[in-house]
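Asker: This is the structure, below, for whatever I ask next.
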Amino acid sequence: MTSVDGPAVGPEKAFILRELTHKQPLIACRFAPAHPFVFATSEDRNVLRWDLNSASADPVAFSGHDGWVFALNFTDGGQSLLTGGADGVLTWWPLAADGPMPSRSIQAHGGWLRSIAVAADGHAIATAGNDRIVRLWSPSGEKLMELPGHERPIYSLAWGPDGTLVSGDLKGVVIEWDHRAGKEARRFDAAKLYKYEGGQGVDYGGVREMAFSADGKYLACAGLIEASNPLGAVSNPAVLLFDRAEGKENGPLLQRSKEDVKGVGWGLRFHPGGFIVLVAGGTGGGNLWFFKPGETNEFARFKLPNTARGLDLHADGLRVATTHHDGKLRITALHAKPA
Amino acid sequence: MARSIVALAIMLFPQYTRADLPLHERIDRAIESALEGPPAAPASDAEFLRRAYLDLAGMVPTSTEARVFLDDPSPYKRERLIDTLLSGPRFARRMRDVFDVAWMERLPDKYVPSAAWRAFLLRAFQENRPYDQIVREVLSADGTDPATRPAAKFLLDREADANNLTRDMGRMFLGRDMQCAQCHDHPLIDDYKQAHYYGLFAFVSRTTLYDQPGAGKVLAEKGEGDVTFTSVFKKKITNATGPRLLDGPAIAEPAIAKGQEYFVGPKEKARTVPAFSRRAQLPNALLTTDVSAFDRAIANRLWSVLMGRGLVHPLELDHSGNPPSHPELLDDLTRSIKAMKYDMRAFLREVALTRAYQRSSEPRPEASDSQMEPSRYAVAPLRKLSPEQLGWSVMQALGFVEASRRGAEDRYLTRDPKMRDILETTVGKRQRAELLEAAVEDQLAGNLGPFIQRFAAAPGQPQDAGDPTVHQALFLANGEPIQSWLNPSGVNLTARLNALTDPGAIGEELYLSILSRRPAEEERAEVAQHLKDRDKDKGPAIKELAWALLSSAEFRFNH
Amino acid sequence: MKRCSHACGSAEHLTSRRQFLGTVAAGVGAASGLGTFVRPLVADELTRQERQVLVVWLAGGASQLETWDPKPGTDTGGPFRSIETSVPGTRISELMPLTAKQMHRIALVRGLNTKENDHGKGHYMMHTGRPQMPGVVYPHLGSIAAKYVTPETSPLPGYIHITPGGGGLSSADAAFLGPKYGALHLGNGQPPANTVRPASLNDLGASAREAVFQHANDRFAKRRRTAETEAYTSTFEQAKQLMARREVFDVTKEPERDFDRYGRHDFGRHCLLARRLLDAGVTFVQVTHSNYDTHNENFDFHLEQVGEFDQGFATLLEDLGASGRLQHTLVIVMSEFGRTPKINPWYGRDHWGNAWSIALAGVGITAGNVVGKTNANGTAVVDREVGAGHLFHTYMKALGLDTKESVDVNGQDFFLADPSATHIPELLA
């Protein structure tokens with residue numbers, strides 16, 4: 001596992017490269033694909049931009065959403081930032097501007113917009129959230145299609161390398177869409193990541209984030225298992241890994257930590273090197289877990305200093321960003337410290 | 001004031017103090033001299049039989065037991081029945097239930113399981129342990145010794161909370177609910193002083209709970225901390241008190257040098273043990289001072305167990321503004337229980353022998369309400385059966401207790417020759433009865449749950465109060481397990497009745513089994529008519545008759 | 001001590017029994033010799049007896065910030081927005097769009113400081129209007145209503161609690177008022193136990209056994225003072241009445257479209273059952289919605305729970321308003337406490353009794369009113385702070401009950417309402 005010109009990838013040797021600080025707890029984050037920026041969202045409703053090449057620690061704030069922002073993505077060849085959140089609004093921003101103003105906003109959903117996924121070829125933007133409908137938009141914001149089918153809030157979306165769109169919801173229903181025909185192609189059952197806790201009378205869990213392997217063979221779902229006390233934050237993070245080959249979708253591999261470390265799997269990425277990076281946060285603190293397909297337990301773990309909430313993997317495969325309750329965005333290097 | 005009344009009584013009615021008269025006779029003379037007119041007639045044999053069984057054995061008799069007693073011509077049969085019941089295996093169980101409810105008030109278990117606590121009480125009453133000894137055991141156990149831990153339930157399950165304990169010890173051991181004296185002298189009751197509250201409080205204010213690995217919660221005690229209190233009406237005056245029981249002497253405390261307060265101090269990671277334990281002084285203070293509240297409270301409580309109400313009533317409000325109905329009698333009982341060395345069985349025997357206890361519950365038709373006022377004891381009261389009495393009586397009446405006893409007998413005596421030899425040779429009759437009773441209880445006590453659930457007062461509330469509820473009626477009318485128990489099976493009541501053909505025999509067995517008496521003519525006729533009306537449905541008709549008597553007011557009450 | 005002894009057949013007790021028998025036991029009246037005497041009810045008693053109570057209990061402690069006192073855009077506000085309501089100037093959480101339309105029927109108390117963050121103690125305090133103290137237990141509002149509001153003639157229990165969990169009786173709520181006034185729990189809305197005659201008993205058998213039962217009771221009562229036995233035997237009469245009205249508990253008899261309106265979830269069904277019970281005349285109905293104890297992911301859980309609450313509650317309030325029943329029904333929405341303004345690391349909110357809200361509606365309440373205020377981010381009460389005792393006095397006043405009423409328990413008087421508190425005049429119409 002080596003990147004093209006950098007140091008060897010080695011999650012076992014991970015260390016924190018940088019901490020970027022904000023005054024309010026952070027939620028989600030993304031590295032920009034075409035600029036040296038990292039974005040994060042905060043409980044103060046702002047979207048924050050840090051310049052990774054700058055020594056300055058002060059972020060630029062993107063203000064405009066009437067509620068927390070849960071989802072970030074990019075379009076226009078990486079020149080526009082897409083944001084969406086509790087106000088159900090999907091907003092386009094020129095991401096490199098000094099005094100950022102929205103270039104377009106549409107009321108995309110009733111209730112929370114929880115996920116934004118952009119097709120690899122850039123032709124379509126998918127959004128979804130509490131109103132249980134997946135919507136497809138053109139890069140310029142025209143509505144292309146509505147895909148109803150989920151019965152509970154949709155937590156996550158992902159596009160596969162082959163142009164496949166999947167959506168996952170609170171009850172662990174994952175739908176693979178034939179979006180050209182505007183209908184369901186098939187379903188994956190991720191109900192292992194869901195629980196109805198009768199004593200408390202609550203639904204809990206869900207597919208918190210999804211990612212495809214580079215070859216499209218695997219679909220990984222982040223979430224939680226063993227939620228014996230959902231209201232009291234007692235659960236364990238987990239990955240449910242589907243082999244997408246026909247007939248194998250019903251026998252996913254449940255991947256979990258060796259030790260009992262409580263938390264929720266909030267986000268994951270498939271590393272180009274073929275392994276999965278999961279971020280989990282909860283009463284067991286913040287952790288990065290690294291799983292290989294075919295193996296139940298992690299091959300590496302990196303303990304973060306504070307409970308973690310969001311994750312992104314840089315295109316260089318050497319850095320991950322995580323967001324934290326203590327207001328910090330941490331950049332962790334997945335390689336050995338230079339001597 | 002109480003004392004001067006006694007003096008007056010002795011002057012006017014010297015016969016009450018005549019020590020040569022047995023206590024039961026002294027009781028009757030005291031009661032009868034205060035009557036306003038003739039009391040109710042003596043209870044019939046059947047009335048007495050049922051009452052004595054319920055009070056001393058906790059359930060109604062079997063039809064066989066009823067027949068034997070009713071047909072016994074002996075003039076001494078009542079005294080003999082009292083003695084039989086008092087020495088029988090159910091007396092201790094009945095007393096266990098009485099004292100469990102009186103002291104724990106059906107509060108949910110916290111640290112000591114109810115089963116262990118009840119086993120402790122049962123053993124105490126089986127051995128006829130004196131009352132003072134039982135109280136000493138209850139107040140001395142700290143939960144660390146598995147052998148005595150069950151007795152610690154009283155203190156442990158109250159979380160060792162000093163206010164909670166002060167109130168409950170006052171109520172239960174001194175007959176004084178001093179709750180309202182916590183913040184000031186009692187506003188309505190002159191006798192209850194804030195100083196009394198805090199004097200009792202000081203015995204337990206240093207006591208705490210400690211979580212002992214392997215043992216659970218146990219009692220610990222601090223070696224320091226004094227009790228001061230301020231009346232909300234006189235906020236400027238701060239009073240201090242050490243442990244002191246009511247108006248008794250202050251408990252002497254050794255002078256302890258600073259730094260010497262502990263055997264095991266708070267710095268060690270262990271249960272603290274003080275050099276001088278205030279809590280340990282409590283049993284002695286209760287039992288050896290001349291404060292008679294302790295003796296009065298138990299005399300009054302035991303009296304109420306048989307008589308349905310205390311001479312001081314309510315039991316927990318003993319003060320001069322709420323005088324006993326018969327002050328000189330209560331004084332006599334107070335002296336007597338102490339003189340009897342707190343032998344509760346002997347004391348109850350005397351009460352059970354009285355004419356007052358053995359009166360009919362039917363007032364004379366011409367009697368006025370005033371003459372029949374309950375505190376005169378001129379007529380036997382109607383008392384609702386406790387949930388336990390009701391549950392056991394239903395099982396007894398429907399034949400399940402006897403079936404269980406026979407089953408146990410069969411197991412022990414027929415199928416297990418070794419056991420039979422042991423029982424018939426080396427072990428006496430009494431142990432044998434005890435063994436069988438334990439087997440019956442093991443098998444059937446689980447059935448009491450639905451009865452307790454519906455017929456008991458809420459935890460911590462007065463357990464003898466409360467109006468009947470519609471849910472109780474629904475349970476009796478439609479609920480399980482009673483409806484199933486009415487179906488004939490084995491040797492149960494309806495099976496026995498189904499096997500009989502003569503309506504007169506059916507009527508007699510039915511009434512003796514459920515109401516512990518023979519039917520009157522009118523009732524015989526009703527049974528016969530009912531069977532005749534439903535001659536195609538004898539089975540259902542018998543169930544209907546049994547249900548009707550079982551649900552009747554006559555069954556529901558101890559009368 | 002002036003203690004009424006039932007065994008002496010006190011006049012008070014007999015009167016109420018006669019009233020009961022005279023009205024409901026047509027077949028028994030003549031035989032018992034009590035005739036059909038009915039105690040004439042005085043006017044205010046009649047008014048009081050019409051009064052009803054609906055309590056919606058949001059178990060675990062609902063967040064005031066996601067319900068009645070939102071603080072959007074502040075550090076404590078969370079992800080949700082506020083919305084306008086039918087009362088100009090009053091905004092509530094966007095999670096309650098249907099309730100917002102009913103706001104003109106509702107009064108909010110936003111200055112509640114109960115200083116209590118323990119579930120058990122908060123539960124006790126909000127139901128009894130007092131802090132929990134060792135040794136003494138006070139009755140819940142439901143038991144007080146069952147004793148002092150429910151007419152003695154009512155064949156239905158005065159205090160019914162629809163719970164998500166198990167059914168059965170809870171005499172504990174009644175404390176010293178006695179088990180008769182305890183809560184009847186309808187577990188998951190199921191009818192109470194033992195209200196169906198045993199299958200083996202046909203009509204003939206039922207009337208036959210009852211005749212023998214009646215004769216036995218009459219014979220026993222003939223030569224004794226009878227207040228106690230009458231009280232006992234009349235419960236069987238009441239049981240018959242209750243069995244005859246068993247359909248009252250059967251929510252499936254409600255129109256199909258109402259299940260859609262109230263929501264096809266347990267809470268919606270329970271609210272519909274509450275309407276049915278109130279329509280049938282039950283004095284006090286409590287519906288528990290579980291569970292709001294969201295130490296973790298407060299927002300997602302409130303999204304689900306408040307969404308259910310909004311549909312069931314707003315529909316019920318609308319129906320009570322439309323039928324006119326709200327004019328004599330007191331409605332209370334409460335919890336054991338609110339939740340911390342501070343959002344914890346797991347997106348949760350913790351226990352918080354220091355600055356929170358409840359909602360009231362119906363009889364005696366000034367609708368559309370908001371009493372009390374918290375600061376900009378909800379961390380403290382800044383105006384008209386009240387506690388649970390004030391609320392309890394207010395409920396009693398709204399129901400026409402005497403807040404100085406006391407009960408003799410074993411010779412000691414206990415006040416039903418904490419004498420150290422008073423009612424909240426601004427809330428009362």
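In the structure tokens, each chain is lettered A, B, ... as it comes, each chain's residues begin at 1, and ligands are numbered from 1 in order of appearance.
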What parts of segment 128-265 of chain A does DSSP call strand (DSSP E)? I'd like the answer as a PyMOL selection string.
Answerer: chain A and resi 128-129+133-137+143-148+154-159+165-169+173-178+183-189+194-197+202-205+209-212+218-229+234-243+253-256+264-265
Asker: For chain C, list the residues within 7 Å of chain B, counting only C-alpha atoms, and write the list as a compact mmCIF listing (two decimals) with all heavy atoms, in the first residue's frame.
Answerer:
```
# COMPACT_ATOMS: atom_id res chain seq x y z
N MET C 1 -59.35 13.17 68.51
CA MET C 1 -59.31 12.90 67.06
C MET C 1 -60.72 12.67 66.54
O MET C 1 -61.44 11.81 67.04
CB MET C 1 -58.49 11.64 66.80
CG MET C 1 -57.04 11.78 67.17
SD MET C 1 -56.15 13.00 66.18
CE MET C 1 -55.77 14.21 67.44
N CYS C 8 -69.32 2.13 62.59
CA CYS C 8 -70.47 2.65 63.31
C CYS C 8 -71.54 3.12 62.34
O CYS C 8 -72.59 3.60 62.74
CB CYS C 8 -70.08 3.77 64.25
SG CYS C 8 -69.58 5.26 63.39
N PRO C 134 -38.76 11.46 52.72
CA PRO C 134 -38.91 10.11 53.25
C PRO C 134 -40.07 10.02 54.24
O PRO C 134 -40.35 10.99 54.96
CB PRO C 134 -37.57 9.85 53.96
CG PRO C 134 -36.96 11.19 54.16
CD PRO C 134 -37.51 12.09 53.12
N GLY C 135 -40.74 8.92 54.24
CA GLY C 135 -41.75 8.69 55.27
C GLY C 135 -43.17 9.04 54.89
O GLY C 135 -44.08 8.33 55.27
N SER C 171 -52.17 1.11 43.28
CA SER C 171 -52.75 1.78 44.42
C SER C 171 -51.78 2.81 44.97
O SER C 171 -52.16 3.68 45.73
CB SER C 171 -53.13 0.77 45.50
OG SER C 171 -52.03 -0.03 45.81
N ALA C 172 -50.50 2.71 44.56
CA ALA C 172 -49.49 3.60 45.13
C ALA C 172 -49.82 5.07 44.86
O ALA C 172 -49.60 5.92 45.70
CB ALA C 172 -48.12 3.26 44.57
N ALA C 175 -51.88 6.84 47.50
CA ALA C 175 -51.30 7.03 48.83
C ALA C 175 -52.37 6.83 49.89
O ALA C 175 -53.07 5.83 49.88
CB ALA C 175 -50.62 8.39 48.93
N PHE C 176 -52.54 7.82 50.76
CA PHE C 176 -53.46 7.63 51.88
C PHE C 176 -54.93 7.75 51.51
O PHE C 176 -55.80 7.55 52.36
CB PHE C 176 -53.10 8.57 53.05
CG PHE C 176 -52.93 10.01 52.65
CD1 PHE C 176 -54.00 10.77 52.24
CD2 PHE C 176 -51.67 10.60 52.70
CE1 PHE C 176 -53.84 12.10 51.89
CE2 PHE C 176 -51.49 11.94 52.34
CZ PHE C 176 -52.58 12.69 51.93
N GLY C 178 -56.36 5.73 49.65
CA GLY C 178 -56.80 4.34 49.60
C GLY C 178 -56.84 3.80 48.18
O GLY C 178 -57.05 4.54 47.22
N PRO C 179 -56.68 2.48 48.05
CA PRO C 179 -56.54 1.83 46.74
C PRO C 179 -57.71 2.10 45.80
O PRO C 179 -57.56 2.05 44.59
CB PRO C 179 -56.47 0.34 47.08
CG PRO C 179 -56.08 0.28 48.51
CD PRO C 179 -56.57 1.53 49.16
N LYS C 180 -58.87 2.37 46.35
CA LYS C 180 -60.04 2.63 45.52
C LYS C 180 -59.77 3.76 44.53
O LYS C 180 -60.36 3.81 43.45
CB LYS C 180 -61.20 2.98 46.43
CG LYS C 180 -62.51 3.23 45.72
CD LYS C 180 -63.61 3.50 46.74
CE LYS C 180 -64.89 3.92 46.05
NZ LYS C 180 -65.93 4.25 47.01
N ASN C 194 -60.12 -8.97 33.90
CA ASN C 194 -61.28 -9.55 34.59
C ASN C 194 -62.59 -8.83 34.30
O ASN C 194 -63.49 -8.83 35.14
CB ASN C 194 -61.05 -9.59 36.11
CG ASN C 194 -59.80 -10.38 36.48
OD1 ASN C 194 -59.47 -11.35 35.82
ND2 ASN C 194 -59.11 -9.94 37.50
N THR C 195 -62.71 -8.22 33.14
CA THR C 195 -63.96 -7.55 32.82
C THR C 195 -64.82 -8.39 31.87
O THR C 195 -65.82 -7.92 31.35
CB THR C 195 -63.71 -6.16 32.19
OG1 THR C 195 -62.68 -6.28 31.21
CG2 THR C 195 -63.29 -5.16 33.25
N VAL C 196 -64.39 -9.63 31.64
CA VAL C 196 -65.20 -10.54 30.83
C VAL C 196 -65.62 -11.72 31.71
O VAL C 196 -64.80 -12.27 32.44
CB VAL C 196 -64.40 -11.06 29.61
CG1 VAL C 196 -65.25 -12.04 28.80
CG2 VAL C 196 -63.95 -9.91 28.75
N ARG C 197 -66.88 -12.06 31.64
CA ARG C 197 -67.37 -13.18 32.43
C ARG C 197 -66.65 -14.46 31.99
O ARG C 197 -66.38 -14.64 30.81
CB ARG C 197 -68.88 -13.33 32.16
CG ARG C 197 -69.62 -14.04 33.26
CD ARG C 197 -71.10 -13.79 33.10
NE ARG C 197 -71.63 -14.48 31.93
CZ ARG C 197 -72.84 -14.24 31.44
NH1 ARG C 197 -73.62 -13.33 31.98
NH2 ARG C 197 -73.28 -14.90 30.39
N PRO C 198 -66.37 -15.36 32.95
CA PRO C 198 -65.70 -16.60 32.55
C PRO C 198 -66.52 -17.33 31.47
O PRO C 198 -67.74 -17.35 31.51
CB PRO C 198 -65.67 -17.42 33.85
CG PRO C 198 -65.87 -16.45 34.94
CD PRO C 198 -66.64 -15.30 34.38
N GLY C 205 -76.41 -19.42 34.56
CA GLY C 205 -75.50 -19.64 35.68
C GLY C 205 -75.14 -18.33 36.36
O GLY C 205 -75.08 -18.24 37.59
N ARG C 209 -75.97 -17.73 40.23
CA ARG C 209 -74.97 -17.57 41.30
C ARG C 209 -75.12 -16.21 41.96
O ARG C 209 -74.87 -16.05 43.15
CB ARG C 209 -73.55 -17.83 40.78
CG ARG C 209 -72.88 -16.70 40.03
CD ARG C 209 -71.42 -17.06 39.66
NE ARG C 209 -70.72 -15.84 39.24
CZ ARG C 209 -69.43 -15.80 38.91
NH1 ARG C 209 -68.69 -16.90 38.92
NH2 ARG C 209 -68.87 -14.67 38.55
N GLU C 210 -75.57 -15.25 41.18
CA GLU C 210 -75.74 -13.93 41.76
C GLU C 210 -76.89 -13.90 42.76
O GLU C 210 -76.84 -13.20 43.78
CB GLU C 210 -75.98 -12.92 40.64
CG GLU C 210 -75.68 -11.53 41.11
CD GLU C 210 -75.92 -10.53 40.02
OE1 GLU C 210 -75.50 -10.80 38.88
OE2 GLU C 210 -76.57 -9.51 40.31
N VAL C 212 -77.91 -16.40 44.65
CA VAL C 212 -77.46 -17.03 45.89
C VAL C 212 -76.53 -16.07 46.66
O VAL C 212 -76.63 -15.91 47.88
CB VAL C 212 -76.72 -18.35 45.59
CG1 VAL C 212 -76.23 -19.00 46.88
CG2 VAL C 212 -77.64 -19.30 44.83
N PHE C 213 -75.65 -15.43 45.92
CA PHE C 213 -74.72 -14.45 46.49
C PHE C 213 -75.50 -13.33 47.20
O PHE C 213 -75.22 -12.96 48.34
CB PHE C 213 -73.87 -13.89 45.34
CG PHE C 213 -73.05 -12.68 45.65
CD1 PHE C 213 -71.91 -12.77 46.44
CD2 PHE C 213 -73.37 -11.44 45.10
CE1 PHE C 213 -71.13 -11.64 46.69
CE2 PHE C 213 -72.60 -10.32 45.35
CZ PHE C 213 -71.48 -10.42 46.15
N ALA C 216 -77.20 -14.57 50.37
CA ALA C 216 -76.23 -14.79 51.44
C ALA C 216 -75.85 -13.45 52.07
O ALA C 216 -75.78 -13.33 53.30
CB ALA C 216 -74.99 -15.50 50.88
N ASN C 217 -75.63 -12.45 51.23
CA ASN C 217 -75.26 -11.13 51.75
C ASN C 217 -76.39 -10.52 52.56
O ASN C 217 -76.15 -9.90 53.60
CB ASN C 217 -74.87 -10.19 50.61
CG ASN C 217 -73.53 -10.59 50.00
OD1 ASN C 217 -72.71 -11.21 50.67
ND2 ASN C 217 -73.35 -10.26 48.74
N PHE C 220 -76.55 -12.16 55.93
CA PHE C 220 -75.45 -11.77 56.81
C PHE C 220 -75.65 -10.34 57.32
O PHE C 220 -75.37 -10.03 58.48
CB PHE C 220 -74.12 -11.86 56.04
CG PHE C 220 -72.91 -11.55 56.87
CD1 PHE C 220 -72.47 -12.44 57.85
CD2 PHE C 220 -72.20 -10.36 56.71
CE1 PHE C 220 -71.35 -12.16 58.62
CE2 PHE C 220 -71.09 -10.07 57.48
CZ PHE C 220 -70.66 -10.97 58.43
N ARG C 223 -78.56 -8.78 60.53
CA ARG C 223 -78.45 -8.55 61.98
C ARG C 223 -77.15 -7.81 62.36
O ARG C 223 -76.73 -7.83 63.49
CB ARG C 223 -78.51 -9.91 62.71
CG ARG C 223 -79.89 -10.57 62.59
CD ARG C 223 -79.99 -11.78 63.50
NE ARG C 223 -78.99 -12.78 63.20
CZ ARG C 223 -79.13 -13.72 62.25
NH1 ARG C 223 -80.25 -13.78 61.54
NH2 ARG C 223 -78.18 -14.61 62.05
N ARG C 224 -76.54 -7.17 61.37
CA ARG C 224 -75.30 -6.46 61.69
C ARG C 224 -75.36 -5.02 61.22
O ARG C 224 -76.17 -4.68 60.37
CB ARG C 224 -74.12 -7.17 61.04
CG ARG C 224 -73.84 -8.54 61.65
CD ARG C 224 -72.68 -9.22 60.97
NE ARG C 224 -72.31 -10.45 61.65
CZ ARG C 224 -72.90 -11.63 61.42
NH1 ARG C 224 -73.87 -11.73 60.53
NH2 ARG C 224 -72.51 -12.70 62.08
N THR C 229 -70.24 -3.90 55.04
CA THR C 229 -70.64 -4.96 54.12
C THR C 229 -71.30 -4.36 52.88
O THR C 229 -71.12 -4.88 51.79
CB THR C 229 -71.62 -5.94 54.79
OG1 THR C 229 -72.75 -5.22 55.24
CG2 THR C 229 -70.96 -6.66 55.94
N ALA C 231 -70.54 -1.48 51.52
CA ALA C 231 -69.45 -0.98 50.68
C ALA C 231 -68.86 -2.13 49.88
O ALA C 231 -68.52 -1.99 48.71
CB ALA C 231 -68.38 -0.32 51.55
N TYR C 232 -68.74 -3.28 50.53
CA TYR C 232 -68.17 -4.44 49.85
C TYR C 232 -69.11 -4.96 48.76
O TYR C 232 -68.71 -5.11 47.60
CB TYR C 232 -67.88 -5.54 50.87
CG TYR C 232 -67.47 -6.85 50.24
CD1 TYR C 232 -66.23 -6.97 49.61
CD2 TYR C 232 -68.31 -7.96 50.27
CE1 TYR C 232 -65.85 -8.16 49.03
CE2 TYR C 232 -67.93 -9.16 49.68
CZ TYR C 232 -66.70 -9.26 49.06
OH TYR C 232 -66.32 -10.44 48.48
N THR C 233 -70.36 -5.21 49.11
CA THR C 233 -71.25 -5.83 48.12
C THR C 233 -71.55 -4.88 46.97
O THR C 233 -71.76 -5.32 45.84
CB THR C 233 -72.55 -6.32 48.77
OG1 THR C 233 -73.16 -5.23 49.47
CG2 THR C 233 -72.28 -7.45 49.73
N THR C 235 -69.47 -3.11 45.45
CA THR C 235 -68.42 -3.19 44.43
C THR C 235 -68.77 -4.24 43.37
O THR C 235 -68.36 -4.14 42.22
CB THR C 235 -67.03 -3.53 45.03
OG1 THR C 235 -67.11 -4.79 45.69
CG2 THR C 235 -66.58 -2.45 45.98
N PHE C 236 -69.56 -5.25 43.77
CA PHE C 236 -69.98 -6.26 42.77
C PHE C 236 -71.00 -5.66 41.81
O PHE C 236 -71.03 -5.98 40.63
CB PHE C 236 -70.54 -7.50 43.48
CG PHE C 236 -69.45 -8.35 44.08
CD1 PHE C 236 -68.91 -8.03 45.31
CD2 PHE C 236 -68.95 -9.45 43.41
CE1 PHE C 236 -67.90 -8.78 45.87
CE2 PHE C 236 -67.94 -10.22 43.95
CZ PHE C 236 -67.41 -9.89 45.19
N GLN C 238 -71.03 -2.53 41.06
CA GLN C 238 -70.20 -1.67 40.22
C GLN C 238 -69.47 -2.50 39.16
O GLN C 238 -69.32 -2.07 38.01
CB GLN C 238 -69.19 -0.95 41.11
CG GLN C 238 -68.79 0.41 40.61
CD GLN C 238 -67.70 1.01 41.48
OE1 GLN C 238 -67.47 0.56 42.61
NE2 GLN C 238 -67.05 2.02 40.96
N ALA C 239 -69.01 -3.67 39.53
CA ALA C 239 -68.33 -4.55 38.58
C ALA C 239 -69.25 -4.91 37.42
O ALA C 239 -68.84 -4.93 36.26
CB ALA C 239 -67.84 -5.81 39.30
N ASN C 410 -55.02 8.20 59.90
CA ASN C 410 -54.68 7.65 61.21
C ASN C 410 -54.61 8.74 62.27
O ASN C 410 -53.72 8.76 63.10
CB ASN C 410 -53.35 6.89 61.14
CG ASN C 410 -53.59 5.40 60.98
OD1 ASN C 410 -54.74 4.94 61.08
ND2 ASN C 410 -52.53 4.66 60.74
N GLY C 411 -55.52 9.69 62.18
CA GLY C 411 -55.57 10.70 63.22
C GLY C 411 -54.78 11.96 62.94
O GLY C 411 -54.80 12.88 63.74
```
Asker: Please report the interatomic distance between atom CA of Lys538 of chain B and atom CA of Asn202 of chain C in Å with one decimal.
Answerer: 13.9 Å
Asker: Counting only C-alpha atoms, what are the residues of chain A within 7 Å of chain C, and for each of them which pair of atoms is the nearest and at what distance in Å, to one decimal? Sort the table by chain and rising number, as JSON lines.
Answerer:
```
{"residue": "A:Glu43", "atom": "CA", "partner": "C:Gly78", "partner_atom": "CA", "distance": 6.9}
{"residue": "A:Asp44", "atom": "CA", "partner": "C:Asp75", "partner_atom": "CA", "distance": 6.2}
{"residue": "A:Gly67", "atom": "CA", "partner": "C:Pro79", "partner_atom": "CA", "distance": 4.9}
{"residue": "A:Trp68", "atom": "CA", "partner": "C:Pro79", "partner_atom": "CA", "distance": 4.7}
{"residue": "A:Ala86", "atom": "CA", "partner": "C:Pro79", "partner_atom": "CA", "distance": 5.8}
{"residue": "A:Gln200", "atom": "CA", "partner": "C:Asn291", "partner_atom": "CA", "distance": 5.3}
{"residue": "A:Gly201", "atom": "CA", "partner": "C:Ser290", "partner_atom": "CA", "distance": 5.6}
{"residue": "A:Val202", "atom": "CA", "partner": "C:Asn291", "partner_atom": "CA", "distance": 7.0}
{"residue": "A:Leu231", "atom": "CA", "partner": "C:Thr294", "partner_atom": "CA", "distance": 4.9}
{"residue": "A:Gly232", "atom": "CA", "partner": "C:His295", "partner_atom": "CA", "distance": 5.4}
{"residue": "A:Ala233", "atom": "CA", "partner": "C:Asn296", "partner_atom": "CA", "distance": 5.1}
{"residue": "A:Gly282", "atom": "CA", "partner": "C:Trp346", "partner_atom": "CA", "distance": 6.0}
{"residue": "A:Thr307", "atom": "CA", "partner": "C:Pro345", "partner_atom": "CA", "distance": 6.9}
{"residue": "A:His325", "atom": "CA", "partner": "C:Pro345", "partner_atom": "CA", "distance": 5.4}
```
Asker: Given the choices A:Leu72, A:Leu278, A:Ala245, A:Leu313, which gets closest to Arg301 of chain A if the distance is worked out from only C-alpha atoms?
Answerer: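 Ranked by minimum distance to Arg301 of chain A, first place goes to A:Leu278.
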Asker: For Ala380 of chain C, please output as number ranges by chain all residues within 7 Å (counting only C-alpha atoms; exclusion window: fewer than 4 positions along the same chain).
Answerer: C: 354-355, 374-375
Asker: Would you write out those residues with C-alpha atoms, as a PDB file, in the first residue's frame?
Answerer:
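Dumped to selection.pdb:
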```
ATOM      1  CA  ASN C 354     -34.049  24.628  36.385  1.00  0.00           C
ATOM      2  CA  ALA C 355     -35.744  26.329  33.443  1.00  0.00           C
ATOM      3  CA  THR C 374     -36.338  32.145  30.046  1.00  0.00           C
ATOM      4  CA  ASN C 375     -33.250  34.038  28.880  1.00  0.00           C
TER       5      ASN C 375
END
```
Asker: DSSP on the backbone: what in segment 430-527 of chain B comes out helix (DSSP H, G or I), as a PyMOL selection string?
Answerer: chain B and resi 430-455+470-478+482-485+493-499+503-515+521-527
Asker: Which polymer residues have any atom within 7 Å of an atom of Cys271 of chain C, counting only C-alpha atoms, with same-chain residues fewer than 3 positions away left out, as a VMD selection string?
Answerer: chain C and resid 267 to 268 274 to 275 287 312 to 313 316
Asker: Leu98 of chain C: which residues within 9 Å, counting only C-alpha atoms, same-chain residues fewer than 5 positions away excluded, as a list of chain:residue names?
Answerer: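 After dropping sequence-adjacent residues, the list is C:Asp310, C:Gln311, C:Phe313, C:Ala314, C:Thr315.
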